[in-house]
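Structure record follows, encoded as structure tokens.
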Amino acid sequence: MFLGTFTPKLDDKGRLIFPAKFRDELASGLVMTRGQEHCIAVYPLAEFRQKLEEARRAPTTDQRTRDYLRVLLSGAEDVIPDKQGRITIPGHLRGYADLDRECAVIGALDRLEIWSLPAWETYLEQKEEGFAETSEEVVPGLF
């Protein structure tokens, strides 16, 4: 389970160091790919394999399914972090997420998301009040 917000810096080689609390879970490998709202979604390898099994059941006769899977999987990269817990974020994903030096790594339950820090701050500013005012069940069974 991934929780919290962290603000590591991207180095000149496009490398990011994951927060220490996540390193063990990601040490054996991870998959990063395009996420919604122009972030980078980072899944432990085992979790991503489960997502792929679910995707195999989706009807590929549906154009939306094919489009979604093409965009998701064509941007995917499997990576093993180095001993310091660093990964190199490929240029196409850095461009997609508009990553510069300042980043936000947020826990999103089964995955991490890597955001440009300014984009994350803007997103949170826009969505936080709506979250605070939500009085109906948005996620079934959660509160």
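Labels for the structure tokens follow display order: chains A, B, ..., residues from 1 in each chain, ligands from 1.
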- Task: Would you please extract all alpha helix (DSSP H) residues from region 38-142 of chain A, as assigned by DSSP on the backbone, and give them as number ranges by chain?
- Result: A: 45-56, 63-74, 91-96, 117-133
- Message: For region 39-44 of chain A, find every residue with an atom within 8 Å (counting only C-alpha atoms), except residues of its own chain fewer than 3 positions away, and show them as a list of chain:residue names.
- Response: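 The neighbour list is A:Glu25, A:Leu26, A:Gly29, A:Leu30, A:Val31, A:Met32, A:Thr33, A:Arg34, A:Gly35, A:Gln36, A:Glu47, A:Phe48, A:Leu93, A:Tyr96, A:Ala97, A:Asp110, A:Arg111, A:Leu112, A:Glu113, A:Ile114, A:Trp115, A:Ser116.
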- Message: Which of region 78-142 of chain A end up as strand (DSSP E or B) when DSSP is run on this backbone - answer as a PyMOL selection string?
- Response: chain A and resi 78-79+86-88+102-107+109+112-116
Once you have the residues from the selection above, write them out as an mmCIF file, in the first residue's frame, restricted to N, CA, C and O atoms.
data_model
loop_
_atom_site.group_PDB
_atom_site.id
_atom_site.type_symbol
_atom_site.label_atom_id
_atom_site.label_comp_id
_atom_site.auth_asym_id
_atom_site.auth_seq_id
_atom_site.Cartn_x
_atom_site.Cartn_y
_atom_site.Cartn_z
ATOM 1 N N ASP A 78 9.579 -1.269 -17.984
ATOM 2 C CA ASP A 78 9.869 -2.053 -16.781
ATOM 3 C C ASP A 78 11.291 -1.740 -16.330
ATOM 4 O O ASP A 78 12.203 -1.637 -17.145
ATOM 5 N N VAL A 79 11.447 -1.545 -15.039
ATOM 6 C CA VAL A 79 12.690 -1.031 -14.474
ATOM 7 C C VAL A 79 12.983 -1.746 -13.161
ATOM 8 O O VAL A 79 12.062 -2.073 -12.414
ATOM 9 N N ARG A 86 17.179 4.362 -6.960
ATOM 10 C CA ARG A 86 16.978 5.317 -8.055
ATOM 11 C C ARG A 86 16.467 4.609 -9.300
ATOM 12 O O ARG A 86 16.815 3.472 -9.574
ATOM 13 N N ILE A 87 15.667 5.364 -10.050
ATOM 14 C CA ILE A 87 15.248 4.923 -11.379
ATOM 15 C C ILE A 87 15.522 6.064 -12.346
ATOM 16 O O ILE A 87 15.540 7.230 -11.948
ATOM 17 N N THR A 88 15.760 5.698 -13.591
ATOM 18 C CA THR A 88 15.858 6.703 -14.640
ATOM 19 C C THR A 88 14.503 6.763 -15.332
ATOM 20 O O THR A 88 13.990 5.748 -15.801
ATOM 21 N N GLU A 102 11.773 19.664 -9.989
ATOM 22 C CA GLU A 102 10.877 19.551 -8.833
ATOM 23 C C GLU A 102 9.757 18.558 -9.121
ATOM 24 O O GLU A 102 8.988 18.751 -10.054
ATOM 25 N N CYS A 103 9.668 17.504 -8.306
ATOM 26 C CA CYS A 103 8.676 16.452 -8.512
ATOM 27 C C CYS A 103 7.869 16.224 -7.239
ATOM 28 O O CYS A 103 8.321 16.557 -6.143
ATOM 29 N N ALA A 104 6.724 15.630 -7.403
ATOM 30 C CA ALA A 104 5.933 15.112 -6.286
ATOM 31 C C ALA A 104 5.716 13.633 -6.548
ATOM 32 O O ALA A 104 5.339 13.251 -7.657
ATOM 33 N N VAL A 105 5.982 12.817 -5.549
ATOM 34 C CA VAL A 105 5.680 11.389 -5.610
ATOM 35 C C VAL A 105 4.578 11.167 -4.593
ATOM 36 O O VAL A 105 4.752 11.441 -3.401
ATOM 37 N N ILE A 106 3.427 10.718 -5.085
ATOM 38 C CA ILE A 106 2.294 10.527 -4.183
ATOM 39 C C ILE A 106 1.891 9.057 -4.138
ATOM 40 O O ILE A 106 1.966 8.345 -5.144
ATOM 41 N N GLY A 107 1.491 8.622 -2.961
ATOM 42 C CA GLY A 107 0.956 7.284 -2.811
ATOM 43 C C GLY A 107 -0.485 7.273 -3.277
ATOM 44 O O GLY A 107 -1.256 8.177 -2.947
ATOM 45 N N LEU A 109 -2.586 4.205 -3.245
ATOM 46 C CA LEU A 109 -3.037 2.875 -2.853
ATOM 47 C C LEU A 109 -2.194 1.753 -3.469
ATOM 48 O O LEU A 109 -1.248 1.292 -2.854
ATOM 49 N N LEU A 112 2.249 4.269 -7.137
ATOM 50 C CA LEU A 112 2.748 5.612 -6.896
ATOM 51 C C LEU A 112 2.435 6.436 -8.132
ATOM 52 O O LEU A 112 2.302 5.884 -9.228
ATOM 53 N N GLU A 113 2.350 7.737 -7.969
ATOM 54 C CA GLU A 113 2.241 8.632 -9.108
ATOM 55 C C GLU A 113 3.346 9.668 -8.987
ATOM 56 O O GLU A 113 3.604 10.191 -7.903
ATOM 57 N N ILE A 114 4.014 9.927 -10.109
ATOM 58 C CA ILE A 114 5.048 10.948 -10.163
ATOM 59 C C ILE A 114 4.486 12.119 -10.947
ATOM 60 O O ILE A 114 4.050 11.960 -12.093
ATOM 61 N N TRP A 115 4.474 13.277 -10.315
ATOM 62 C CA TRP A 115 3.925 14.496 -10.893
ATOM 63 C C TRP A 115 4.992 15.568 -10.945
ATOM 64 O O TRP A 115 5.902 15.602 -10.097
ATOM 65 N N SER A 116 4.858 16.469 -11.876
ATOM 66 C CA SER A 116 5.571 17.727 -11.807
ATOM 67 C C SER A 116 5.038 18.407 -10.547
ATOM 68 O O SER A 116 3.822 18.439 -10.330
#
- Distance CA of Gln84 (chain A)-CA of Phe2 (chain A), one decimal place? 19.0 Å
- Message: Residues near Asp100 (chain A), anyone? I mean within 9 Å using only C-alpha atoms, not counting same-chain ones fewer than 6 positions away, as number ranges by chain.
- Response: A: 9-10, 14, 94, 116-117
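Distances to Asp82 (chain A) were evaluated for A:Ala27, A:Phe22, A:Thr7, A:Arg56 using only C-alpha atoms, and the minimum falls at A:Ala27.
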- Task: Rank A:Phe18, A:Glu128, A:His92, A:Gln50 by their smallest atom-to-atom distance to Ser74 (chain A), using only C-alpha atoms, and report the top residue only.
- Result: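 Once distances to Ser74 (chain A) are computed over only C-alpha atoms, the minimum belongs to A:His92.
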